[in-house]
Every structure is written in structure tokens, then in C-alpha cells.
Amino acid sequence: MGSIFSERIDRARQQMNATGVDALCLSVGADLPYLTGYAAMPLERLTMLVIRLDGEAKLVVPELEAPLVKETGDFTVVPWGETADPLDLVTQMLSGANKVAVGETTWARFLVGLIDRSPNLAFCNAGLVMTPLRAVKTADEIAMLRSAAHAVDRIAARLQSGEIPLVGQTEAQVSAELGRQIVEEGHRKVNFAIVAAGENAASPHHDAGDRVIKEGEVVLCDFGGTMFGDDGVGYCSDLTRCVYTGEPSPEFAEMYAVLLEAQRASLAVAKAGTPAEDVDRAGRSIIDAAGYGEYFIHRTGHGIGVEAHEEPYIVEGNSDPLVAGNAFSIEPGIYIPGKFGARIEDIVVAGETASDPLNVVDHNLAVIEG
């Protein structure tokens, strides 16, 4: 396990050197387990990894949590007791530094404390260092993402076959069943399980409630979790499919056909060298031409990896070209308030000449009876 984190810490130092960063400070959030395999609890007690460009990496951690850290040999664990001041420890470690990159999910109380104690330091967002590292996945990371994707594919296939009951169930009941199966399929935790029936499907982030699913309506299901590898780092899944409980109306069938065409168009151009915004435009132009443009109200996709949402974002205004190894969602949606909505979502990886879809379960509108 140590070699994985050693390589990542080395790459972090290379990026620090390229951006003029003398020290990297990471607290709670996804960057910490990415570099150490340890996910700190979001508590009032400070945990912070300090990586100096010119020294060893040190993990400042509450003494009572130190036994949870698996030491890989790539960093030194520095426990602090209940009466100690951990910010003093970190401040000492930053001695002689000029530019310090701080994790963007670090609690404000700790950042403010560091600023107060080190007025001569220049602080910046650690995304300057960490985003380029995490945005390009290695072969091992892609394999983890593929395993997670295939796990939720299997659940979606059961939805599409009618194996998971819908009619007569509440959205919340179906959501709970999806969550149960996410864990059963090998994920350690459920990140979300959106179930939206009928008119509720017009709300992209609908909160599943006591609405009973009826015959003759769409049920949109968007679900995913985090699957952990042997190194203690988790990778996320995220999938959306729609099921219709009975024969779909011509109006809905027509809309879904447009959505499917748009999703395929974005997928076709999602390869290295294509600007991220062009992937968005490819599908959006089809939805616009069909007259549904005003009902596609969100970006086409988001990066995925250690976090469910991370760089790169597939959205107008992001002109950065995709890089081989970028992993992200392609999920156009059409949402008509008061009527219905639909979304089709896959996780894909940009390759040199084509995209590599990690989700392969049927994209067609599944029609089930009862």
C-alpha cells in the first residue's frame, strides 16, 4: 500500500514545485485519504497532513484517533493530546515557508487560526496542487471506478426487469431498497438514492418521500455509493435510469428519444483533446433543436473519483480540453414542471481516441407492468 501513497505524495510535490507552493496542508475531505488512506472524522479536533516541498510529510492527528491511522511509511504520524494546541504544531511545521496551499474543505476556524499565527504566509487553495492529480485517473483507479459502475449496473438491470417492485411502493421505500442493494453489491456506503415518480421527476435532485408510485408514470432513479479498495481509498458510482410503469404516452416517448440521442451525441465526442464545453454542447444542441432547451437546466456532467462530484465539470464555459484518464458523468436531462422529467446518466473515461463507458446497462426506456 505504501507505494501507492508514496507515488501520489511525490506527484503532489512535483505539482507544488511547479506552482511555487512550499507547503501543502490537508484536513478533512477527499484529498487526505487520497494521499494517506486515512479519512479524518469531521470533528472539532484538528487532523492535518502537512507536506513540505523540502521535508517529510507529517500527519497531525488527535491522539485518540491515531490508532485508526494505517501507517504506510510514507508519512510520520504526529499525535496530539487533549490539552495540546495542534495549530502550534502545524505552525512550527510551516516555519520558513512562504506559500502554503490549504485544503478547500478545511474548517474555517483552523484556517483563520493559521492566518492569525502566520501573518507573513501567503495562503492559496490546495486545488492548485490536488486537482491536476486527482482529475487524471490511473489504470488502477479506473478499474475501481469500473467495479463500482458495474455494481450499480446490476441494480439498474433489476429495476428494468421489474425485479424491484415499484407500483404501490412509496418513493422512500424504493430508495431504501436501492440503498440496501448498493451496500449488498459491495459499496461501503450509500451516497444517494434519488427516486422520483411522475411529476416529481421534473425535480433533478428530488428527495424521495411518501409519494406512492402509480401505474402509467415515469420513475427516475439516480443512485450511487462509495466502494473501497484494499488501500482504504474509496471510489464512487453514479447512475441514472428511467422506468415507466405501463405504456408511456407518445409525448413522453418522444421526449425520451430526444434525450437518448443527446446522451449518445455527448458520449461520442467525450475523448482526449475535446474541450469539456463541447461535450456539453453536443447533447444540448440536440435538446435545443427539439424544443426542449429551456428544460435542460443543469450541466451535462461532473468528474467523479474519490468524490462523487469533482473536476472536470462538463459545462459551458469550461474550455479546458479533456485528458486521457478524466472520469466524468454524461447525464443530460429534460424536466417539464408539473408533468414529468427524465435523465440518462453514465460514468465514462476519456480515452485518446474515444470514450470508455463504465456503465453499460440498457439505456432504452424500460417499460414494466405493475
# chains A, B, ... in the order shown; residues from 1 in each chain; ligands from 1
>>> residues_around(residues="region 108-116 of chain A", least_positions_apart="3", cutoff="9 Å", atoms="only C-alpha atoms", output="PDB file with C-alpha atoms, in the first residue's frame")
ATOM      1  CA  LEU A  46      -7.787  19.107  14.085  1.00  0.00           C
ATOM      2  CA  LEU A  87      -2.277  24.667  15.437  1.00  0.00           C
ATOM      3  CA  ASP A  88       1.015  25.332  17.208  1.00  0.00           C
ATOM      4  CA  VAL A  90       1.241  22.915  12.312  1.00  0.00           C
ATOM      5  CA  THR A  91       2.622  26.454  12.586  1.00  0.00           C
ATOM      6  CA  VAL A 102      -4.709  24.678   2.226  1.00  0.00           C
ATOM      7  CA  THR A 105     -12.719  21.779   2.804  1.00  0.00           C
ATOM      8  CA  PRO A 119       0.632  36.721   9.108  1.00  0.00           C
ATOM      9  CA  ASN A 120       3.606  36.600   6.739  1.00  0.00           C
ATOM     10  CA  LEU A 121       2.490  33.444   4.962  1.00  0.00           C
ATOM     11  CA  ALA A 122       0.644  33.564   1.641  1.00  0.00           C
ATOM     12  CA  PHE A 123      -2.243  31.068   1.592  1.00  0.00           C
TER      13      PHE A 123
END
>>> select_by_dssp(residues="region 110-193 of chain A", states="alpha helix (DSSP H)", output="PDB file with N, CA and C atoms, in the first residue's frame")
ATOM      1  N   PHE A 110      -9.864  26.624  11.597  1.00  0.00           N
ATOM      2  CA  PHE A 110      -8.455  26.229  11.559  1.00  0.00           C
ATOM      3  C   PHE A 110      -7.669  27.102  10.595  1.00  0.00           C
ATOM      4  N   LEU A 111      -8.246  27.424   9.457  1.00  0.00           N
ATOM      5  CA  LEU A 111      -7.563  28.307   8.516  1.00  0.00           C
ATOM      6  C   LEU A 111      -7.364  29.690   9.119  1.00  0.00           C
ATOM      7  N   VAL A 112      -8.411  30.220   9.747  1.00  0.00           N
ATOM      8  CA  VAL A 112      -8.295  31.538  10.389  1.00  0.00           C
ATOM      9  C   VAL A 112      -7.221  31.501  11.465  1.00  0.00           C
ATOM     10  N   GLY A 113      -7.164  30.397  12.208  1.00  0.00           N
ATOM     11  CA  GLY A 113      -6.140  30.264  13.242  1.00  0.00           C
ATOM     12  C   GLY A 113      -4.746  30.280  12.654  1.00  0.00           C
ATOM     13  N   LEU A 114      -4.561  29.601  11.530  1.00  0.00           N
ATOM     14  CA  LEU A 114      -3.245  29.601  10.884  1.00  0.00           C
ATOM     15  C   LEU A 114      -2.883  30.986  10.360  1.00  0.00           C
ATOM     16  N   ILE A 115      -3.876  31.679   9.798  1.00  0.00           N
ATOM     17  CA  ILE A 115      -3.622  33.025   9.275  1.00  0.00           C
ATOM     18  C   ILE A 115      -3.224  33.965  10.404  1.00  0.00           C
ATOM     19  N   ASP A 116      -3.916  33.858  11.537  1.00  0.00           N
ATOM     20  CA  ASP A 116      -3.615  34.730  12.686  1.00  0.00           C
ATOM     21  C   ASP A 116      -2.207  34.487  13.216  1.00  0.00           C
ATOM     22  N   ARG A 117      -1.770  33.211  13.199  1.00  0.00           N
ATOM     23  CA  ARG A 117      -0.465  32.882  13.770  1.00  0.00           C
ATOM     24  C   ARG A 117       0.682  33.053  12.785  1.00  0.00           C
ATOM     25  N   GLY A 127      -6.465  23.172  -4.261  1.00  0.00           N
ATOM     26  CA  GLY A 127      -6.865  22.682  -5.574  1.00  0.00           C
ATOM     27  C   GLY A 127      -5.805  22.951  -6.624  1.00  0.00           C
ATOM     28  N   LEU A 128      -5.000  23.966  -6.408  1.00  0.00           N
ATOM     29  CA  LEU A 128      -3.896  24.296  -7.305  1.00  0.00           C
ATOM     30  C   LEU A 128      -2.945  23.101  -7.447  1.00  0.00           C
ATOM     31  N   VAL A 129      -2.816  22.357  -6.359  1.00  0.00           N
ATOM     32  CA  VAL A 129      -1.932  21.187  -6.339  1.00  0.00           C
ATOM     33  C   VAL A 129      -2.698  19.899  -6.608  1.00  0.00           C
ATOM     34  N   MET A 130      -3.835  19.732  -5.918  1.00  0.00           N
ATOM     35  CA  MET A 130      -4.514  18.441  -5.896  1.00  0.00           C
ATOM     36  C   MET A 130      -5.412  18.167  -7.103  1.00  0.00           C
ATOM     37  N   THR A 131      -6.027  19.208  -7.673  1.00  0.00           N
ATOM     38  CA  THR A 131      -6.958  18.973  -8.786  1.00  0.00           C
ATOM     39  C   THR A 131      -6.291  18.282  -9.973  1.00  0.00           C
ATOM     40  N   PRO A 132      -5.112  18.730 -10.426  1.00  0.00           N
ATOM     41  CA  PRO A 132      -4.485  18.028 -11.559  1.00  0.00           C
ATOM     42  C   PRO A 132      -4.145  16.578 -11.238  1.00  0.00           C
ATOM     43  N   LEU A 133      -3.828  16.280  -9.980  1.00  0.00           N
ATOM     44  CA  LEU A 133      -3.503  14.904  -9.608  1.00  0.00           C
ATOM     45  C   LEU A 133      -4.732  14.014  -9.658  1.00  0.00           C
ATOM     46  N   ARG A 134      -5.802  14.460  -9.031  1.00  0.00           N
ATOM     47  CA  ARG A 134      -6.981  13.615  -8.881  1.00  0.00           C
ATOM     48  C   ARG A 134      -7.824  13.538 -10.150  1.00  0.00           C
ATOM     49  N   ALA A 135      -7.716  14.536 -11.010  1.00  0.00           N
ATOM     50  CA  ALA A 135      -8.578  14.571 -12.197  1.00  0.00           C
ATOM     51  C   ALA A 135      -8.187  13.532 -13.237  1.00  0.00           C
ATOM     52  N   ALA A 139      -4.695   3.555 -14.170  1.00  0.00           N
ATOM     53  CA  ALA A 139      -5.385   2.323 -14.572  1.00  0.00           C
ATOM     54  C   ALA A 139      -6.043   1.644 -13.376  1.00  0.00           C
ATOM     55  N   ASP A 140      -5.376   1.670 -12.221  1.00  0.00           N
ATOM     56  CA  ASP A 140      -5.954   1.054 -11.024  1.00  0.00           C
ATOM     57  C   ASP A 140      -7.205   1.804 -10.570  1.00  0.00           C
ATOM     58  N   GLU A 141      -7.166   3.125 -10.655  1.00  0.00           N
ATOM     59  CA  GLU A 141      -8.331   3.910 -10.261  1.00  0.00           C
ATOM     60  C   GLU A 141      -9.496   3.659 -11.213  1.00  0.00           C
ATOM     61  N   ILE A 142      -9.208   3.576 -12.491  1.00  0.00           N
ATOM     62  CA  ILE A 142     -10.265   3.296 -13.468  1.00  0.00           C
ATOM     63  C   ILE A 142     -10.874   1.926 -13.204  1.00  0.00           C
ATOM     64  N   ALA A 143     -10.041   0.962 -12.825  1.00  0.00           N
ATOM     65  CA  ALA A 143     -10.552  -0.374 -12.505  1.00  0.00           C
ATOM     66  C   ALA A 143     -11.489  -0.321 -11.303  1.00  0.00           C
ATOM     67  N   MET A 144     -11.163   0.500 -10.309  1.00  0.00           N
ATOM     68  CA  MET A 144     -12.047   0.646  -9.149  1.00  0.00           C
ATOM     69  C   MET A 144     -13.365   1.305  -9.552  1.00  0.00           C
ATOM     70  N   LEU A 145     -13.285   2.349 -10.362  1.00  0.00           N
ATOM     71  CA  LEU A 145     -14.498   3.022 -10.831  1.00  0.00           C
ATOM     72  C   LEU A 145     -15.360   2.078 -11.674  1.00  0.00           C
ATOM     73  N   ARG A 146     -14.716   1.239 -12.464  1.00  0.00           N
ATOM     74  CA  ARG A 146     -15.456   0.300 -13.297  1.00  0.00           C
ATOM     75  C   ARG A 146     -16.180  -0.735 -12.422  1.00  0.00           C
ATOM     76  N   SER A 147     -15.515  -1.208 -11.382  1.00  0.00           N
ATOM     77  CA  SER A 147     -16.151  -2.166 -10.469  1.00  0.00           C
ATOM     78  C   SER A 147     -17.373  -1.549  -9.803  1.00  0.00           C
ATOM     79  N   ALA A 148     -17.239  -0.304  -9.367  1.00  0.00           N
ATOM     80  CA  ALA A 148     -18.364   0.380  -8.731  1.00  0.00           C
ATOM     81  C   ALA A 148     -19.495   0.601  -9.731  1.00  0.00           C
ATOM     82  N   ALA A 149     -19.135   0.970 -10.966  1.00  0.00           N
ATOM     83  CA  ALA A 149     -20.146   1.206 -12.006  1.00  0.00           C
ATOM     84  C   ALA A 149     -20.901  -0.074 -12.343  1.00  0.00           C
ATOM     85  N   HIS A 150     -20.192  -1.164 -12.473  1.00  0.00           N
ATOM     86  CA  HIS A 150     -20.851  -2.420 -12.808  1.00  0.00           C
ATOM     87  C   HIS A 150     -21.757  -2.898 -11.682  1.00  0.00           C
ATOM     88  N   ALA A 151     -21.386  -2.568 -10.455  1.00  0.00           N
ATOM     89  CA  ALA A 151     -22.229  -2.948  -9.320  1.00  0.00           C
ATOM     90  C   ALA A 151     -23.591  -2.258  -9.391  1.00  0.00           C
ATOM     91  N   VAL A 152     -23.607  -0.948  -9.694  1.00  0.00           N
ATOM     92  CA  VAL A 152     -24.899  -0.268  -9.792  1.00  0.00           C
ATOM     93  C   VAL A 152     -25.612  -0.623 -11.098  1.00  0.00           C
ATOM     94  N   ASP A 153     -24.852  -1.016 -12.118  1.00  0.00           N
ATOM     95  CA  ASP A 153     -25.486  -1.543 -13.338  1.00  0.00           C
ATOM     96  C   ASP A 153     -26.367  -2.742 -13.012  1.00  0.00           C
ATOM     97  N   ARG A 154     -25.867  -3.616 -12.163  1.00  0.00           N
ATOM     98  CA  ARG A 154     -26.628  -4.816 -11.826  1.00  0.00           C
ATOM     99  C   ARG A 154     -27.935  -4.458 -11.106  1.00  0.00           C
ATOM    100  N   ILE A 155     -27.885  -3.422 -10.289  1.00  0.00           N
ATOM    101  CA  ILE A 155     -29.102  -2.971  -9.603  1.00  0.00           C
ATOM    102  C   ILE A 155     -30.076  -2.383 -10.614  1.00  0.00           C
ATOM    103  N   ALA A 156     -29.552  -1.573 -11.536  1.00  0.00           N
ATOM    104  CA  ALA A 156     -30.402  -0.967 -12.557  1.00  0.00           C
ATOM    105  C   ALA A 156     -31.068  -2.031 -13.414  1.00  0.00           C
ATOM    106  N   ALA A 157     -30.332  -3.095 -13.714  1.00  0.00           N
ATOM    107  CA  ALA A 157     -30.917  -4.170 -14.515  1.00  0.00           C
ATOM    108  C   ALA A 157     -32.099  -4.806 -13.789  1.00  0.00           C
ATOM    109  N   ARG A 158     -32.011  -4.896 -12.477  1.00  0.00           N
ATOM    110  CA  ARG A 158     -33.129  -5.445 -11.707  1.00  0.00           C
ATOM    111  C   ARG A 158     -34.310  -4.484 -11.693  1.00  0.00           C
ATOM    112  N   LEU A 159     -34.021  -3.201 -11.702  1.00  0.00           N
ATOM    113  CA  LEU A 159     -35.098  -2.206 -11.825  1.00  0.00           C
ATOM    114  C   LEU A 159     -35.803  -2.360 -13.167  1.00  0.00           C
ATOM    115  N   GLN A 160     -35.013  -2.472 -14.208  1.00  0.00           N
ATOM    116  CA  GLN A 160     -35.565  -2.523 -15.556  1.00  0.00           C
ATOM    117  C   GLN A 160     -36.350  -3.802 -15.834  1.00  0.00           C
ATOM    118  N   SER A 161     -36.021  -4.862 -15.135  1.00  0.00           N
ATOM    119  CA  SER A 161     -36.713  -6.140 -15.348  1.00  0.00           C
ATOM    120  C   SER A 161     -37.965  -6.269 -14.489  1.00  0.00           C
ATOM    121  N   GLU A 171     -41.872   6.295  -2.887  1.00  0.00           N
ATOM    122  CA  GLU A 171     -40.522   6.628  -3.358  1.00  0.00           C
ATOM    123  C   GLU A 171     -39.491   6.284  -2.292  1.00  0.00           C
ATOM    124  N   ALA A 172     -39.810   6.587  -1.046  1.00  0.00           N
ATOM    125  CA  ALA A 172     -38.868   6.339   0.049  1.00  0.00           C
ATOM    126  C   ALA A 172     -38.577   4.850   0.208  1.00  0.00           C
ATOM    127  N   GLN A 173     -39.590   4.026   0.031  1.00  0.00           N
ATOM    128  CA  GLN A 173     -39.380   2.583   0.151  1.00  0.00           C
ATOM    129  C   GLN A 173     -38.459   2.066  -0.948  1.00  0.00           C
ATOM    130  N   VAL A 174     -38.665   2.551  -2.171  1.00  0.00           N
ATOM    131  CA  VAL A 174     -37.800   2.129  -3.276  1.00  0.00           C
ATOM    132  C   VAL A 174     -36.381   2.656  -3.062  1.00  0.00           C
ATOM    133  N   SER A 175     -36.276   3.886  -2.577  1.00  0.00           N
ATOM    134  CA  SER A 175     -34.963   4.460  -2.288  1.00  0.00           C
ATOM    135  C   SER A 175     -34.220   3.621  -1.251  1.00  0.00           C
ATOM    136  N   ALA A 176     -34.920   3.202  -0.216  1.00  0.00           N
ATOM    137  CA  ALA A 176     -34.291   2.377   0.819  1.00  0.00           C
ATOM    138  C   ALA A 176     -33.828   1.045   0.249  1.00  0.00           C
ATOM    139  N   GLU A 177     -34.629   0.478  -0.654  1.00  0.00           N
ATOM    140  CA  GLU A 177     -34.241  -0.795  -1.272  1.00  0.00           C
ATOM    141  C   GLU A 177     -33.011  -0.624  -2.166  1.00  0.00           C
ATOM    142  N   LEU A 178     -32.959   0.466  -2.905  1.00  0.00           N
ATOM    143  CA  LEU A 178     -31.776   0.739  -3.715  1.00  0.00           C
ATOM    144  C   LEU A 178     -30.549   0.874  -2.823  1.00  0.00           C
ATOM    145  N   GLY A 179     -30.697   1.595  -1.716  1.00  0.00           N
ATOM    146  CA  GLY A 179     -29.587   1.752  -0.783  1.00  0.00           C
ATOM    147  C   GLY A 179     -29.112   0.418  -0.231  1.00  0.00           C
ATOM    148  N   ARG A 180     -30.060  -0.440   0.112  1.00  0.00           N
ATOM    149  CA  ARG A 180     -29.701  -1.754   0.636  1.00  0.00           C
ATOM    150  C   ARG A 180     -28.901  -2.537  -0.398  1.00  0.00           C
ATOM    151  N   GLN A 181     -29.335  -2.468  -1.654  1.00  0.00           N
ATOM    152  CA  GLN A 181     -28.654  -3.228  -2.693  1.00  0.00           C
ATOM    153  C   GLN A 181     -27.290  -2.621  -3.051  1.00  0.00           C
ATOM    154  N   ILE A 182     -27.164  -1.312  -2.930  1.00  0.00           N
ATOM    155  CA  ILE A 182     -25.863  -0.671  -3.170  1.00  0.00           C
ATOM    156  C   ILE A 182     -24.814  -1.254  -2.227  1.00  0.00           C
ATOM    157  N   VAL A 183     -25.182  -1.391  -0.955  1.00  0.00           N
ATOM    158  CA  VAL A 183     -24.264  -1.969   0.025  1.00  0.00           C
ATOM    159  C   VAL A 183     -24.059  -3.460  -0.250  1.00  0.00           C
ATOM    160  N   GLU A 184     -25.139  -4.136  -0.574  1.00  0.00           N
ATOM    161  CA  GLU A 184     -25.054  -5.574  -0.869  1.00  0.00           C
ATOM    162  C   GLU A 184     -24.141  -5.853  -2.055  1.00  0.00           C
TER     163      GLU A 184
END
>>> closest_residue(among="A:Asp238, A:Asp278, A:Glu254, A:Asp74", to="Ile347 (chain A)", atoms="only C-alpha atoms")
A:Asp238
>>> residues_around(residues="Tyr295 (chain A)", least_positions_apart="6", cutoff="7 Å", atoms="only C-alpha atoms", output="ChimeraX atom specification")
/A:334-336
>>> write_last_selection(atoms="C-alpha atoms", output="PDB file, in the first residue's frame")
ATOM      1  CA  ILE A 334     -35.238  17.202 -19.570  1.00  0.00           C
ATOM      2  CA  TYR A 335     -37.567  18.409 -16.813  1.00  0.00           C
ATOM      3  CA  ILE A 336     -41.045  19.762 -17.536  1.00  0.00           C
TER       4      ILE A 336
END
>>> closest_residue(among="A:Asp222, A:Glu311, A:Glu71, A:Glu63", to="Thr47 (chain A)", atoms="only C-alpha atoms")
A:Glu63
>>> residues_around(residues="Ser6 (chain A)", least_positions_apart="4", cutoff="9 Å", atoms="only C-alpha atoms", output="MDAnalysis selection string")
chainID A and resid 1:2 10:11 35:36 72:75
>>> closest_residue(among="A:Gly234, A:Gly273, A:Gly303, A:Gly291", to="Thr353 (chain A)", atoms="only C-alpha atoms")
A:Gly273
>>> select_by_dssp(residues="region 113-186 of chain A", states="strand (DSSP E)", output="PyMOL selection string")
chain A and resi 122-125
>>> closest_residue(among="A:Ile314, A:Val195, A:Ala101, A:Val61", to="Asp22 (chain A)", atoms="only C-alpha atoms")
A:Ala101
>>> atom_distance(atom1="CA of Glu307 (chain A)", atom2="CA of Leu259 (chain A)")
26.3 Å
>>> residues_around(residues="region 198-202 of chain A", least_positions_apart="4", cutoff="12 Å", atoms="only C-alpha atoms", output="PyMOL selection string")
chain A and resi 167+171+194+206-222+240-245+248+252+295-297+333-343
>>> write_last_selection(atoms="C-alpha atoms", output="PDB file, in the first residue's frame")
ATOM      1  CA  VAL A 167     -46.150   0.297  -8.242  1.00  0.00           C
ATOM      2  CA  GLU A 171     -40.522   6.628  -3.358  1.00  0.00           C
ATOM      3  CA  ILE A 194     -32.981   9.529  -5.693  1.00  0.00           C
ATOM      4  CA  HIS A 206     -35.871  15.254  -5.692  1.00  0.00           C
ATOM      5  CA  ASP A 207     -35.921  13.963  -2.125  1.00  0.00           C
ATOM      6  CA  ALA A 208     -37.744  10.631  -2.097  1.00  0.00           C
ATOM      7  CA  GLY A 209     -40.823  10.849   0.111  1.00  0.00           C
ATOM      8  CA  ASP A 210     -44.166   9.227   0.825  1.00  0.00           C
ATOM      9  CA  ARG A 211     -45.480   9.718  -2.710  1.00  0.00           C
ATOM     10  CA  VAL A 212     -46.908   6.334  -3.834  1.00  0.00           C
ATOM     11  CA  ILE A 213     -45.775   5.167  -7.263  1.00  0.00           C
ATOM     12  CA  LYS A 214     -48.720   4.546  -9.603  1.00  0.00           C
ATOM     13  CA  GLU A 215     -49.288   2.756 -12.870  1.00  0.00           C
ATOM     14  CA  GLY A 216     -48.701   4.771 -16.023  1.00  0.00           C
ATOM     15  CA  GLU A 217     -45.895   7.095 -14.957  1.00  0.00           C
ATOM     16  CA  VAL A 218     -42.148   7.506 -15.125  1.00  0.00           C
ATOM     17  CA  VAL A 219     -39.912   6.611 -12.187  1.00  0.00           C
ATOM     18  CA  LEU A 220     -36.481   8.268 -12.326  1.00  0.00           C
ATOM     19  CA  CYS A 221     -33.802   6.552 -10.232  1.00  0.00           C
ATOM     20  CA  ASP A 222     -30.391   8.162  -9.672  1.00  0.00           C
ATOM     21  CA  THR A 240     -29.437   7.278 -13.610  1.00  0.00           C
ATOM     22  CA  ARG A 241     -32.060   5.249 -15.440  1.00  0.00           C
ATOM     23  CA  CYS A 242     -35.791   5.714 -16.010  1.00  0.00           C
ATOM     24  CA  VAL A 243     -38.530   3.098 -15.814  1.00  0.00           C
ATOM     25  CA  TYR A 244     -42.122   3.552 -16.988  1.00  0.00           C
ATOM     26  CA  THR A 245     -44.866   1.685 -15.150  1.00  0.00           C
ATOM     27  CA  PRO A 248     -45.567   5.515 -21.951  1.00  0.00           C
ATOM     28  CA  PHE A 252     -43.021  11.185 -23.023  1.00  0.00           C
ATOM     29  CA  TYR A 295     -35.993  22.275 -19.725  1.00  0.00           C
ATOM     30  CA  PHE A 296     -32.344  21.162 -19.644  1.00  0.00           C
ATOM     31  CA  ILE A 297     -31.360  23.151 -16.573  1.00  0.00           C
ATOM     32  CA  GLY A 333     -31.904  15.693 -18.553  1.00  0.00           C
ATOM     33  CA  ILE A 334     -35.238  17.202 -19.570  1.00  0.00           C
ATOM     34  CA  TYR A 335     -37.567  18.409 -16.813  1.00  0.00           C
ATOM     35  CA  ILE A 336     -41.045  19.762 -17.536  1.00  0.00           C
ATOM     36  CA  PRO A 337     -42.503  21.225 -14.320  1.00  0.00           C
ATOM     37  CA  GLY A 338     -45.797  19.729 -13.181  1.00  0.00           C
ATOM     38  CA  LYS A 339     -45.635  16.928 -15.733  1.00  0.00           C
ATOM     39  CA  PHE A 340     -42.554  14.702 -15.753  1.00  0.00           C
ATOM     40  CA  GLY A 341     -38.835  14.557 -16.318  1.00  0.00           C
ATOM     41  CA  ALA A 342     -36.117  12.156 -17.424  1.00  0.00           C
ATOM     42  CA  ARG A 343     -32.359  11.805 -17.207  1.00  0.00           C
TER      43      ARG A 343
END
>>> closest_residue(among="A:Val279, A:Val69, A:Ala327, A:Leu53", to="Val136 (chain A)", atoms="only C-alpha atoms")
A:Ala327
>>> atom_distance(atom1="CA of Gly232 (chain A)", atom2="CA of Met48 (chain A)")
17.7 Å
>>> decode(residues="region 209-229 of chain A", atoms="N, CA and C atoms", output="short mmCIF file (atom, residue, chain, number, x, y, z; two decimals), in the first residue's frame")
data_model
loop_
_atom_site.label_atom_id
_atom_site.label_comp_id
_atom_site.auth_asym_id
_atom_site.auth_seq_id
_atom_site.Cartn_x
_atom_site.Cartn_y
_atom_site.Cartn_z
N GLY A 209 -39.92 10.69 -1.02
CA GLY A 209 -40.82 10.85 0.11
C GLY A 209 -41.91 9.80 0.13
N ASP A 210 -43.08 10.19 0.65
CA ASP A 210 -44.17 9.23 0.83
C ASP A 210 -45.11 9.17 -0.37
N ARG A 211 -44.71 9.79 -1.47
CA ARG A 211 -45.48 9.72 -2.71
C ARG A 211 -45.52 8.26 -3.19
N VAL A 212 -46.75 7.71 -3.39
CA VAL A 212 -46.91 6.33 -3.83
C VAL A 212 -46.78 6.28 -5.35
N ILE A 213 -45.98 5.34 -5.83
CA ILE A 213 -45.78 5.17 -7.26
C ILE A 213 -47.00 4.48 -7.87
N LYS A 214 -47.49 5.05 -8.97
CA LYS A 214 -48.72 4.55 -9.60
C LYS A 214 -48.41 3.92 -10.95
N GLU A 215 -49.41 3.27 -11.51
CA GLU A 215 -49.29 2.76 -12.87
C GLU A 215 -49.34 3.92 -13.86
N GLY A 216 -48.63 3.78 -14.96
CA GLY A 216 -48.70 4.77 -16.02
C GLY A 216 -47.90 6.03 -15.78
N GLU A 217 -46.72 5.90 -15.18
CA GLU A 217 -45.90 7.09 -14.96
C GLU A 217 -44.42 6.71 -14.96
N VAL A 218 -43.58 7.73 -15.13
CA VAL A 218 -42.15 7.51 -15.13
C VAL A 218 -41.64 7.46 -13.68
N VAL A 219 -40.62 6.63 -13.46
CA VAL A 219 -39.91 6.61 -12.19
C VAL A 219 -38.43 6.80 -12.51
N LEU A 220 -37.88 7.95 -12.11
CA LEU A 220 -36.48 8.27 -12.33
C LEU A 220 -35.69 7.83 -11.10
N CYS A 221 -34.64 7.05 -11.33
CA CYS A 221 -33.80 6.55 -10.23
C CYS A 221 -32.34 6.92 -10.50
N ASP A 222 -31.78 7.69 -9.59
CA ASP A 222 -30.39 8.16 -9.67
C ASP A 222 -29.72 7.73 -8.38
N PHE A 223 -28.74 6.83 -8.46
CA PHE A 223 -28.19 6.28 -7.22
C PHE A 223 -26.71 5.95 -7.36
N GLY A 224 -26.04 5.91 -6.22
CA GLY A 224 -24.61 5.59 -6.21
C GLY A 224 -24.08 5.53 -4.81
N GLY A 225 -22.88 5.01 -4.69
CA GLY A 225 -22.24 4.88 -3.38
C GLY A 225 -20.74 4.94 -3.53
N THR A 226 -20.04 4.54 -2.48
CA THR A 226 -18.58 4.53 -2.48
C THR A 226 -18.09 3.12 -2.19
N MET A 227 -17.24 2.63 -3.08
CA MET A 227 -16.65 1.29 -2.96
C MET A 227 -15.17 1.46 -2.63
N PHE A 228 -14.72 0.77 -1.60
CA PHE A 228 -13.35 0.95 -1.13
C PHE A 228 -12.43 -0.16 -1.65
N GLY A 229 -11.19 0.23 -1.92
CA GLY A 229 -10.17 -0.72 -2.31
C GLY A 229 -9.35 -1.17 -1.12
#
